[in-house]
$ cat model.cif   # mmCIF, C-alpha atoms
data_target
loop_
_atom_site.group_PDB
_atom_site.id
_atom_site.type_symbol
_atom_site.label_atom_id
_atom_site.label_comp_id
_atom_site.auth_asym_id
_atom_site.auth_seq_id
_atom_site.Cartn_x
_atom_site.Cartn_y
_atom_site.Cartn_z
ATOM 1 C CA MET A 1 -2.669 -5.602 19.882
ATOM 2 C CA LYS A 2 -1.625 -2.149 20.899
ATOM 3 C CA LYS A 3 -3.735 0.516 19.263
ATOM 4 C CA HIS A 4 -2.607 3.942 18.153
ATOM 5 C CA ILE A 5 -4.290 7.331 18.018
ATOM 6 C CA LEU A 6 -4.991 7.928 14.361
ATOM 7 C CA PHE A 7 -4.749 11.030 12.247
ATOM 8 C CA LEU A 8 -8.345 12.041 11.568
ATOM 9 C CA SER A 9 -11.855 10.732 12.031
ATOM 10 C CA ILE A 10 -13.718 9.435 9.015
ATOM 11 C CA THR A 11 -15.721 12.672 8.948
ATOM 12 C CA ALA A 12 -12.559 14.697 8.489
ATOM 13 C CA ILE A 13 -11.300 12.242 5.898
ATOM 14 C CA LEU A 14 -14.346 12.745 3.754
ATOM 15 C CA PHE A 15 -14.852 16.485 4.273
ATOM 16 C CA SER A 16 -15.038 18.304 0.956
ATOM 17 C CA ALA A 17 -13.812 15.258 -0.949
ATOM 18 C CA CYS A 18 -16.095 15.908 -3.861
ATOM 19 C CA ASN A 19 -15.597 19.687 -3.961
ATOM 20 C CA LYS A 20 -12.642 19.652 -6.332
ATOM 21 C CA THR A 21 -11.567 22.530 -8.498
ATOM 22 C CA ALA A 22 -10.121 20.220 -11.143
ATOM 23 C CA LYS A 23 -12.826 18.075 -12.718
ATOM 24 C CA ILE A 24 -11.278 15.152 -14.518
ATOM 25 C CA SER A 25 -13.483 12.417 -15.955
ATOM 26 C CA GLU A 26 -12.908 8.718 -15.464
ATOM 27 C CA SER A 27 -12.391 8.342 -19.217
ATOM 28 C CA SER A 28 -9.618 10.957 -19.077
ATOM 29 C CA ILE A 29 -7.869 9.080 -16.280
ATOM 30 C CA ASP A 30 -8.221 5.788 -18.131
ATOM 31 C CA SER A 31 -6.497 7.361 -21.139
ATOM 32 C CA ILE A 32 -3.406 8.212 -19.083
ATOM 33 C CA LYS A 33 -0.899 5.407 -19.514
ATOM 34 C CA VAL A 34 0.712 4.454 -16.213
ATOM 35 C CA ASN A 35 3.736 2.295 -16.928
ATOM 36 C CA ARG A 36 5.109 -0.324 -14.606
ATOM 37 C CA PRO A 37 8.246 1.256 -13.134
ATOM 38 C CA GLN A 38 11.499 -0.462 -14.019
ATOM 39 C CA ALA A 39 13.966 -1.142 -11.236
ATOM 40 C CA PRO A 40 17.696 -0.628 -11.824
ATOM 41 C CA LYS A 41 19.959 -3.636 -12.103
ATOM 42 C CA ALA A 42 21.012 -4.639 -8.597
ATOM 43 C CA LEU A 43 24.446 -6.145 -7.999
ATOM 44 C CA GLY A 44 23.432 -7.406 -4.563
ATOM 45 C CA PRO A 45 20.091 -8.128 -2.893
ATOM 46 C CA THR A 46 17.164 -6.093 -4.155
ATOM 47 C CA ARG A 47 16.222 -3.428 -1.594
ATOM 48 C CA ILE A 48 12.697 -2.136 -1.098
ATOM 49 C CA LEU A 49 11.620 0.698 1.197
ATOM 50 C CA PHE A 50 8.068 1.151 2.502
ATOM 51 C CA VAL A 51 7.110 4.690 3.528
ATOM 52 C CA GLY A 52 3.692 5.434 4.980
ATOM 53 C CA ASN A 53 1.315 4.870 7.858
ATOM 54 C CA SER A 54 -1.153 2.333 9.210
ATOM 55 C CA GLN A 55 -2.450 1.254 5.803
ATOM 56 C CA ILE A 56 0.932 -0.438 5.390
ATOM 57 C CA GLU A 57 1.136 -1.914 8.874
ATOM 58 C CA TYR A 58 -1.493 -2.260 11.595
ATOM 59 C CA PHE A 59 -3.246 -5.575 12.269
ATOM 60 C CA VAL A 60 -1.049 -7.105 9.549
ATOM 61 C CA SER A 61 2.224 -5.933 8.029
ATOM 62 C CA ALA A 62 2.747 -5.460 4.297
ATOM 63 C CA PRO A 63 6.571 -5.352 4.623
ATOM 64 C CA THR A 64 6.612 -8.559 6.689
ATOM 65 C CA LEU A 65 4.235 -10.475 4.423
ATOM 66 C CA PHE A 66 6.044 -9.303 1.297
ATOM 67 C CA GLN A 67 9.389 -10.420 2.748
ATOM 68 C CA GLU A 68 7.909 -13.827 3.588
ATOM 69 C CA LEU A 69 6.553 -14.253 0.069
ATOM 70 C CA CYS A 70 9.941 -13.341 -1.373
ATOM 71 C CA ASN A 71 11.725 -15.792 0.926
ATOM 72 C CA ALA A 72 9.324 -18.591 -0.046
ATOM 73 C CA ASN A 73 9.920 -17.867 -3.745
ATOM 74 C CA ASN A 74 13.728 -17.590 -3.573
ATOM 75 C CA LYS A 75 13.788 -13.858 -4.260
ATOM 76 C CA ARG A 76 16.742 -12.090 -2.635
ATOM 77 C CA VAL A 77 15.020 -9.033 -1.213
ATOM 78 C CA TYR A 78 15.931 -6.799 1.726
ATOM 79 C CA VAL A 79 12.992 -4.879 3.202
ATOM 80 C CA GLN A 80 13.080 -1.628 5.202
ATOM 81 C CA GLN A 81 10.292 0.637 6.369
ATOM 82 C CA LEU A 82 9.580 4.132 7.654
ATOM 83 C CA VAL A 83 6.073 3.854 9.068
ATOM 84 C CA THR A 84 4.258 6.081 11.564
ATOM 85 C CA MET A 85 0.622 5.612 12.509
ATOM 86 C CA GLY A 86 -1.972 8.107 11.348
ATOM 87 C CA VAL A 87 0.131 10.905 9.850
ATOM 88 C CA PRO A 88 0.884 12.236 6.330
ATOM 89 C CA LEU A 89 4.221 11.719 4.616
ATOM 90 C CA ASP A 90 5.861 14.924 5.798
ATOM 91 C CA LYS A 91 5.154 13.894 9.399
ATOM 92 C CA VAL A 92 6.377 10.356 8.713
ATOM 93 C CA TYR A 93 9.697 11.907 7.711
ATOM 94 C CA ALA A 94 9.759 14.316 10.669
ATOM 95 C CA THR A 95 9.033 11.515 13.137
ATOM 96 C CA ASN A 96 11.746 9.281 11.680
ATOM 97 C CA LYS A 97 14.159 12.001 10.556
ATOM 98 C CA THR A 98 17.375 10.557 12.005
ATOM 99 C CA GLU A 99 16.703 7.052 10.699
ATOM 100 C CA ALA A 100 15.438 8.379 7.384
ATOM 101 C CA ASN A 101 18.478 10.568 6.750
ATOM 102 C CA GLN A 102 20.773 7.693 7.632
ATOM 103 C CA ASN A 103 18.951 5.352 5.246
ATOM 104 C CA PHE A 104 18.835 7.919 2.464
ATOM 105 C CA SER A 105 22.572 8.596 2.798
ATOM 106 C CA ASN A 106 23.495 4.928 2.271
ATOM 107 C CA ARG A 107 25.248 4.141 -0.999
ATOM 108 C CA ASP A 108 25.583 1.047 -3.128
ATOM 109 C CA LYS A 109 28.241 0.206 -5.705
ATOM 110 C CA ASP A 110 25.570 -0.260 -8.364
ATOM 111 C CA GLY A 111 24.540 3.393 -7.941
ATOM 112 C CA ASN A 112 21.163 2.791 -6.298
ATOM 113 C CA TYR A 113 20.841 1.883 -2.651
ATOM 114 C CA TYR A 114 17.094 1.297 -3.002
ATOM 115 C CA ASP A 115 15.664 -0.497 -5.993
ATOM 116 C CA TYR A 116 11.960 -0.148 -5.131
ATOM 117 C CA ILE A 117 9.982 2.388 -3.116
ATOM 118 C CA VAL A 118 6.393 1.871 -1.958
ATOM 119 C CA ILE A 119 5.084 5.231 -0.775
ATOM 120 C CA GLN A 120 1.671 5.696 0.855
ATOM 121 C CA GLU A 121 0.172 9.065 1.676
ATOM 122 C CA ALA A 122 -2.432 9.498 4.421
ATOM 123 C CA THR A 123 -5.915 8.997 3.011
ATOM 124 C CA PRO A 124 -7.227 12.495 3.898
ATOM 125 C CA ILE A 125 -4.361 14.076 1.939
ATOM 126 C CA ALA A 126 -4.635 11.680 -1.001
ATOM 127 C CA LEU A 127 -8.374 12.308 -1.142
ATOM 128 C CA ASN A 128 -8.710 16.032 -0.499
ATOM 129 C CA GLU A 129 -5.376 17.802 -1.033
ATOM 130 C CA LEU A 130 -3.880 16.892 -4.397
ATOM 131 C CA GLU A 131 -1.251 19.653 -4.288
ATOM 132 C CA LYS A 132 -0.020 18.603 -0.854
ATOM 133 C CA TYR A 133 -0.176 14.979 -1.988
ATOM 134 C CA ARG A 134 2.172 15.742 -4.868
ATOM 135 C CA ASN A 135 4.442 17.951 -2.765
ATOM 136 C CA ASN A 136 4.806 15.337 -0.028
ATOM 137 C CA LEU A 137 5.624 12.645 -2.561
ATOM 138 C CA LYS A 138 8.163 14.904 -4.254
ATOM 139 C CA PHE A 139 9.693 15.856 -0.889
ATOM 140 C CA ILE A 140 10.346 12.235 0.114
ATOM 141 C CA ILE A 141 11.324 10.944 -3.323
ATOM 142 C CA GLU A 142 13.844 13.733 -3.901
ATOM 143 C CA LYS A 143 15.632 12.734 -0.708
ATOM 144 C CA ILE A 144 15.654 9.083 -1.748
ATOM 145 C CA HIS A 145 16.816 9.922 -5.278
ATOM 146 C CA LYS A 146 20.087 11.400 -4.002
ATOM 147 C CA ASN A 147 21.541 7.902 -3.641
ATOM 148 C CA SER A 148 18.858 5.918 -5.462
ATOM 149 C CA PRO A 149 18.214 7.979 -8.605
ATOM 150 C CA ASP A 150 16.773 5.119 -10.648
ATOM 151 C CA ALA A 151 14.612 3.450 -8.007
ATOM 152 C CA ALA A 152 11.236 2.153 -9.178
ATOM 153 C CA VAL A 153 8.517 4.027 -7.286
ATOM 154 C CA TYR A 154 5.073 2.613 -6.533
ATOM 155 C CA ILE A 155 2.517 5.237 -5.539
ATOM 156 C CA TYR A 156 0.047 3.567 -3.191
ATOM 157 C CA GLN A 157 -3.540 3.844 -4.434
ATOM 158 C CA ALA A 158 -5.546 4.190 -1.228
ATOM 159 C CA MET A 159 -8.779 2.263 -0.809
ATOM 160 C CA SER A 160 -12.126 3.937 -0.286
ATOM 161 C CA PRO A 161 -12.227 4.962 3.398
ATOM 162 C CA VAL A 162 -15.862 3.991 3.981
ATOM 163 C CA ALA A 163 -17.550 0.615 4.250
ATOM 164 C CA TYR A 164 -18.421 -1.143 0.998
ATOM 165 C CA THR A 165 -22.100 -0.837 1.901
ATOM 166 C CA ASN A 166 -21.815 2.959 2.149
ATOM 167 C CA SER A 167 -23.467 4.739 -0.786
ATOM 168 C CA GLU A 168 -20.348 6.922 -1.193
ATOM 169 C CA TYR A 169 -17.892 4.008 -1.481
ATOM 170 C CA ASN A 170 -17.510 4.277 -5.265
ATOM 171 C CA THR A 171 -17.278 8.080 -5.219
ATOM 172 C CA TYR A 172 -14.265 8.028 -2.922
ATOM 173 C CA TYR A 173 -12.776 5.020 -4.697
ATOM 174 C CA LYS A 174 -12.820 6.868 -8.024
ATOM 175 C CA GLU A 175 -11.402 10.067 -6.521
ATOM 176 C CA LEU A 176 -8.513 8.242 -4.844
ATOM 177 C CA ARG A 177 -7.806 6.304 -8.010
ATOM 178 C CA LYS A 178 -7.736 9.501 -10.053
ATOM 179 C CA ASN A 179 -5.465 11.277 -7.576
ATOM 180 C CA ALA A 180 -2.988 8.394 -7.411
ATOM 181 C CA VAL A 181 -2.692 8.357 -11.203
ATOM 182 C CA MET A 182 -2.352 12.139 -11.363
ATOM 183 C CA ALA A 183 0.323 12.098 -8.661
ATOM 184 C CA SER A 184 2.320 9.331 -10.324
ATOM 185 C CA VAL A 185 2.839 11.224 -13.581
ATOM 186 C CA PHE A 186 4.898 13.846 -11.729
ATOM 187 C CA ILE A 187 7.344 11.289 -10.281
ATOM 188 C CA LYS A 188 10.275 9.813 -12.202
ATOM 189 C CA ASN A 189 9.966 6.088 -12.935
ATOM 190 C CA ALA A 190 6.716 5.794 -10.979
ATOM 191 C CA GLY A 191 3.683 3.561 -11.261
ATOM 192 C CA VAL A 192 0.603 2.922 -9.162
ATOM 193 C CA LEU A 193 0.270 0.096 -6.656
ATOM 194 C CA ARG A 194 -3.404 -0.606 -7.302
ATOM 195 C CA VAL A 195 -4.510 -1.433 -3.787
ATOM 196 C CA GLY A 196 -7.814 0.421 -4.127
ATOM 197 C CA ASP A 197 -8.641 -1.400 -7.376
ATOM 198 C CA ALA A 198 -7.815 -4.801 -5.902
ATOM 199 C CA VAL A 199 -9.872 -4.152 -2.773
ATOM 200 C CA LYS A 200 -12.858 -3.067 -4.855
ATOM 201 C CA ASP A 201 -12.593 -6.197 -7.002
ATOM 202 C CA ALA A 202 -12.577 -8.304 -3.841
ATOM 203 C CA TYR A 203 -15.654 -6.530 -2.515
ATOM 204 C CA ASP A 204 -17.320 -6.933 -5.916
ATOM 205 C CA GLY A 205 -16.845 -10.711 -5.676
ATOM 206 C CA LYS A 206 -14.337 -11.199 -8.481
ATOM 207 C CA ASN A 207 -12.950 -14.742 -8.890
ATOM 208 C CA GLY A 208 -15.587 -16.091 -6.515
ATOM 209 C CA TYR A 209 -14.362 -14.198 -3.458
ATOM 210 C CA ASN A 210 -16.937 -13.471 -0.718
ATOM 211 C CA TYR A 211 -15.933 -10.732 1.705
ATOM 212 C CA LEU A 212 -18.682 -11.523 4.200
ATOM 213 C CA LYS A 213 -18.752 -14.258 6.833
ATOM 214 C CA ASN A 214 -21.572 -14.195 9.368
ATOM 215 C CA ASN A 215 -22.321 -10.681 8.093
ATOM 216 C CA THR A 216 -18.777 -9.571 9.026
ATOM 217 C CA ASP A 217 -16.289 -7.926 6.660
ATOM 218 C CA LEU A 218 -13.244 -10.199 6.200
ATOM 219 C CA LEU A 219 -11.137 -7.610 4.385
ATOM 220 C CA ARG A 220 -11.121 -4.628 6.774
ATOM 221 C CA TYR A 221 -12.050 -3.717 10.323
ATOM 222 C CA GLY A 222 -12.483 -0.451 12.177
ATOM 223 C CA LYS A 223 -14.863 2.293 13.193
ATOM 224 C CA ASN A 224 -13.330 5.667 12.258
ATOM 225 C CA THR A 225 -10.517 4.125 10.199
ATOM 226 C CA LEU A 226 -10.688 0.797 8.381
ATOM 227 C CA HIS A 227 -7.542 -1.342 8.474
ATOM 228 C CA PHE A 228 -6.690 -4.565 6.706
ATOM 229 C CA LEU A 229 -7.477 -7.872 8.347
ATOM 230 C CA ASN A 230 -5.753 -11.056 7.216
ATOM 231 C CA ASP A 231 -7.655 -11.302 3.924
ATOM 232 C CA GLY A 232 -6.870 -7.676 3.023
ATOM 233 C CA GLY A 233 -3.266 -7.850 4.177
ATOM 234 C CA PHE A 234 -2.711 -11.032 2.176
ATOM 235 C CA LEU A 235 -4.260 -9.385 -0.898
ATOM 236 C CA GLN A 236 -2.022 -6.335 -0.521
ATOM 237 C CA ALA A 237 1.184 -8.347 -0.153
ATOM 238 C CA VAL A 238 0.432 -10.615 -3.126
ATOM 239 C CA LEU A 239 -0.468 -7.551 -5.208
ATOM 240 C CA LEU A 240 2.926 -5.986 -4.524
ATOM 241 C CA TYR A 241 4.742 -9.237 -5.281
ATOM 242 C CA ALA A 242 2.825 -9.654 -8.551
ATOM 243 C CA SER A 243 3.398 -6.004 -9.492
ATOM 244 C CA ILE A 244 7.166 -6.217 -8.987
ATOM 245 C CA PHE A 245 7.867 -9.688 -10.344
ATOM 246 C CA ASP A 246 4.977 -9.967 -12.853
ATOM 247 C CA GLU A 247 4.102 -13.434 -11.591
ATOM 248 C CA LYS A 248 2.004 -15.136 -8.949
ATOM 249 C CA PRO A 249 3.953 -16.161 -5.867
ATOM 250 C CA ILE A 250 4.014 -19.657 -4.501
ATOM 251 C CA ILE A 251 2.123 -19.242 -1.231
ATOM 252 C CA PRO A 252 3.919 -20.797 1.751
ATOM 253 C CA LYS A 253 1.951 -22.978 4.131
ATOM 254 C CA LYS A 254 2.294 -20.439 6.951
ATOM 255 C CA LEU A 255 2.580 -16.656 7.111
ATOM 256 C CA LEU A 256 2.791 -14.060 9.878
ATOM 257 C CA LEU A 257 -0.856 -13.079 10.193
ATOM 258 C CA SER A 258 -3.038 -11.442 12.822
ATOM 259 C CA THR A 259 -4.669 -13.421 15.623
ATOM 260 C CA GLY A 260 -7.442 -10.824 15.933
ATOM 261 C CA THR A 261 -8.308 -7.196 16.567
ATOM 262 C CA GLY A 262 -8.141 -7.061 20.359
ATOM 263 C CA ASP A 263 -5.529 -5.298 22.474
ATOM 264 C CA ASN A 264 -3.905 -8.637 23.309
ATOM 265 C CA ASP A 265 -3.815 -9.901 19.727
ATOM 266 C CA ASN A 266 -0.694 -9.789 17.579
ATOM 267 C CA MET A 267 0.923 -11.301 14.515
ATOM 268 C CA ARG A 268 2.121 -14.894 14.629
ATOM 269 C CA LYS A 269 2.772 -17.709 12.170
ATOM 270 C CA GLN A 270 -0.502 -19.235 11.052
ATOM 271 C CA GLU A 271 -1.647 -21.627 8.355
ATOM 272 C CA VAL A 272 -2.737 -19.545 5.403
ATOM 273 C CA VAL A 273 -5.681 -21.806 4.548
ATOM 274 C CA LYS A 274 -7.078 -21.265 8.046
ATOM 275 C CA ALA A 275 -6.244 -17.580 8.587
ATOM 276 C CA VAL A 276 -7.208 -16.351 5.093
ATOM 277 C CA SER A 277 -10.708 -17.159 3.851
ATOM 278 C CA ASN A 278 -9.960 -17.704 0.143
ATOM 279 C CA PRO A 279 -6.271 -17.294 -0.716
ATOM 280 C CA GLU A 280 -6.728 -18.663 -4.243
ATOM 281 C CA ALA A 281 -9.331 -16.054 -5.195
ATOM 282 C CA LEU A 282 -7.381 -13.235 -3.557
ATOM 283 C CA THR A 283 -4.217 -14.286 -5.392
ATOM 284 C CA GLU A 284 -6.065 -14.111 -8.713
ATOM 285 C CA ILE A 285 -7.510 -10.692 -7.875
ATOM 286 C CA ALA A 286 -4.062 -9.417 -6.902
ATOM 287 C CA PHE A 287 -2.425 -10.757 -10.068
ATOM 288 C CA ASN A 288 -5.117 -9.224 -12.278
ATOM 289 C CA ASN A 289 -4.428 -5.783 -10.730
ATOM 290 C CA ARG A 290 -0.639 -5.862 -11.085
#

$ encode --input "model.cif" --output "structure tokens"
Amino acid sequence: MKKHILFLSITAILFSACNKTAKISESSIDSIKVNRPQAPKALGPTRILFVGNSQIEYFVSAPTLFQELCNANNKRVYVQQLVTMGVPLDKVYATNKTEANQNFSNRDKDGNYYDYIVIQEATPIALNELEKYRNNLKFIIEKIHKNSPDAAVYIYQAMSPVAYTNSEYNTYYKELRKNAVMASVFIKNAGVLRVGDAVKDAYDGKNGYNYLKNNTDLLRYGKNTLHFLNDGGFLQAVLLYASIFDEKPIIPKKLLLSTGTGDNDNMRKQEVVKAVSNPEALTEIAFNNR
């Protein structure tokens, strides 16, 4: 699989993460009610737009897996994406400006071209720069709202950028969770796609899931930046499906999953029971975090 030069090393991602001027307790965050966003009534196929970087698509593809789950469950969904490796949202827009402006100018007779938006900020920004995080979200969403004013927006809750065995895993997890919630309250009709929560539950062994096989992490892989493997990508896609439709999907026999992490690996149709270590447990974890 072709690799890309990524935005920042893990050292830069974590720099000054805990040196925040605004100190907000976990109990305060838990008291903030984050509603599930409500999509407008669509007269045609439901449209969903993914905006972000390699946390959405790298070894595995969230848009592709989500589309496959929808197809297998007879959901009429049309998926689009604006994804650029290793950059924050403002650079995602700049890199894809022509395509983005064309997409954002499209109109639909029901008044909303897009019905759902999944928007993922680069982890260093989401972790360390709350003001820029909010501004980037606002910048993109305002452009989308011109022809999709009632779209349901899911703010992507990034996962902790360090290994689960790292002593700082929970510190960064909590900070990213807090920032996602704080960012969502400034966006119309927005909720949080609880990727970070679901990943932590998987690492914690909820529903009998074991993330280790031969002392190897089955959820994520990487040195400076951790990206989803098949288990993590499956979890992410089922989480989005469950969040939108408030139900567990029927899992098809085969999905487009990664053959590995090498330069010559890619995504191809594979049997889920062979390519994903415990799809039943991951489905339960995803549904419980919807």

$ closest_residue --input "model.cif" --among "A:Tyr209, A:Tyr241, A:Phe50, A:Phe186" --to "Val92 of chain A" --atoms "only C-alpha atoms"
A:Phe50

$ atom_distance --input "model.cif" --atom1 "atom CA of Gly196 of chain A" --atom2 "atom CA of Leu256 of chain A"
22.8 Å

$ atom_distance --input "model.cif" --atom1 "atom CA of Asp115 of chain A" --atom2 "atom CA of Met159 of chain A"
25.1 Å

$ resolve_selection --input "model.cif" --expression "the PyMOL selection byres ((chain A and resi 122) around 12)" --output "ChimeraX atom specification"
/A:6-8,13,51-56,83-92,119-121,123-130,132-133,136-137,155-159,161,176,180,225

$ residues_around --input "model.cif" --residues "segment 102-105 of chain A" --least-positions-apart "5" --cutoff "9 Å" --atoms "only C-alpha atoms" --output "list in words"
Lys97, Tyr113, Tyr114, Lys143, Ile144, His145, Lys146, Asn147 and Ser148 of chain A

$ closest_residue --input "model.cif" --among "A:Leu240, A:Ala190, A:Ala198, A:Ala275" --to "Leu255 of chain A" --atoms "all atoms listed in the file"
A:Ala275

$ closest_residue --input "model.cif" --among "A:Ala286, A:Val60, A:Val118, A:Leu212" --to "Asp197 of chain A" --atoms "only C-alpha atoms"
A:Ala286

$ resolve_selection --input "model.cif" --expression "the PyMOL selection byres ((chain A and resi 185) around 12)" --output "list in words"
Ile29, Ile32, Lys33, Val34, Asn35, Arg36, Pro37, Arg134, Leu137, Lys138, Val153, Tyr154, Ile155, Lys178, Asn179, Ala180, Val181, Met182, Ala183, Ser184, Phe186, Ile187, Lys188, Asn189, Ala190, Gly191 and Val192 of chain A

$ residues_around --input "model.cif" --residues "Phe287 of chain A" --least-positions-apart "2" --cutoff "10 Å" --atoms "only C-alpha atoms" --output "PyMOL selection string"
chain A and resi 198+235+238-243+246-249+281-285+289-290

$ closest_residue --input "model.cif" --among "A:Gln67, A:Asn170, A:Asn230, A:Asn288" --to "Lys274 of chain A" --atoms "all atoms listed in the file"
A:Asn230

$ resolve_selection --input "model.cif" --expression "the PyMOL selection byres ((chain A and resi 41-47) around 8)" --output "count of residues only"
16

$ axis_aligned_box --input "model.cif" --around "segment 103-112 of chain A" --padding-each-side "4 Å" --output "JSON"
{"center_x": 23.5, "center_y": 4.2, "center_z": -1.6, "size_x": 17.4, "size_y": 16.9, "size_z": 21.6}

$ closest_residue --input "model.cif" --among "A:Ile140, A:Gly222, A:Glu168, A:Pro149" --to "Arg107 of chain A" --atoms "all atoms listed in the file"
A:Pro149

$ closest_residue --input "model.cif" --among "A:Ile251, A:Lys75, A:Asn215, A:Ser277" --to "Ala202 of chain A" --atoms "all atoms listed in the file"
A:Ser277

$ atom_distance --input "model.cif" --atom1 "atom CA of Asn96 of chain A" --atom2 "atom CA of Leu82 of chain A"
6.9 Å
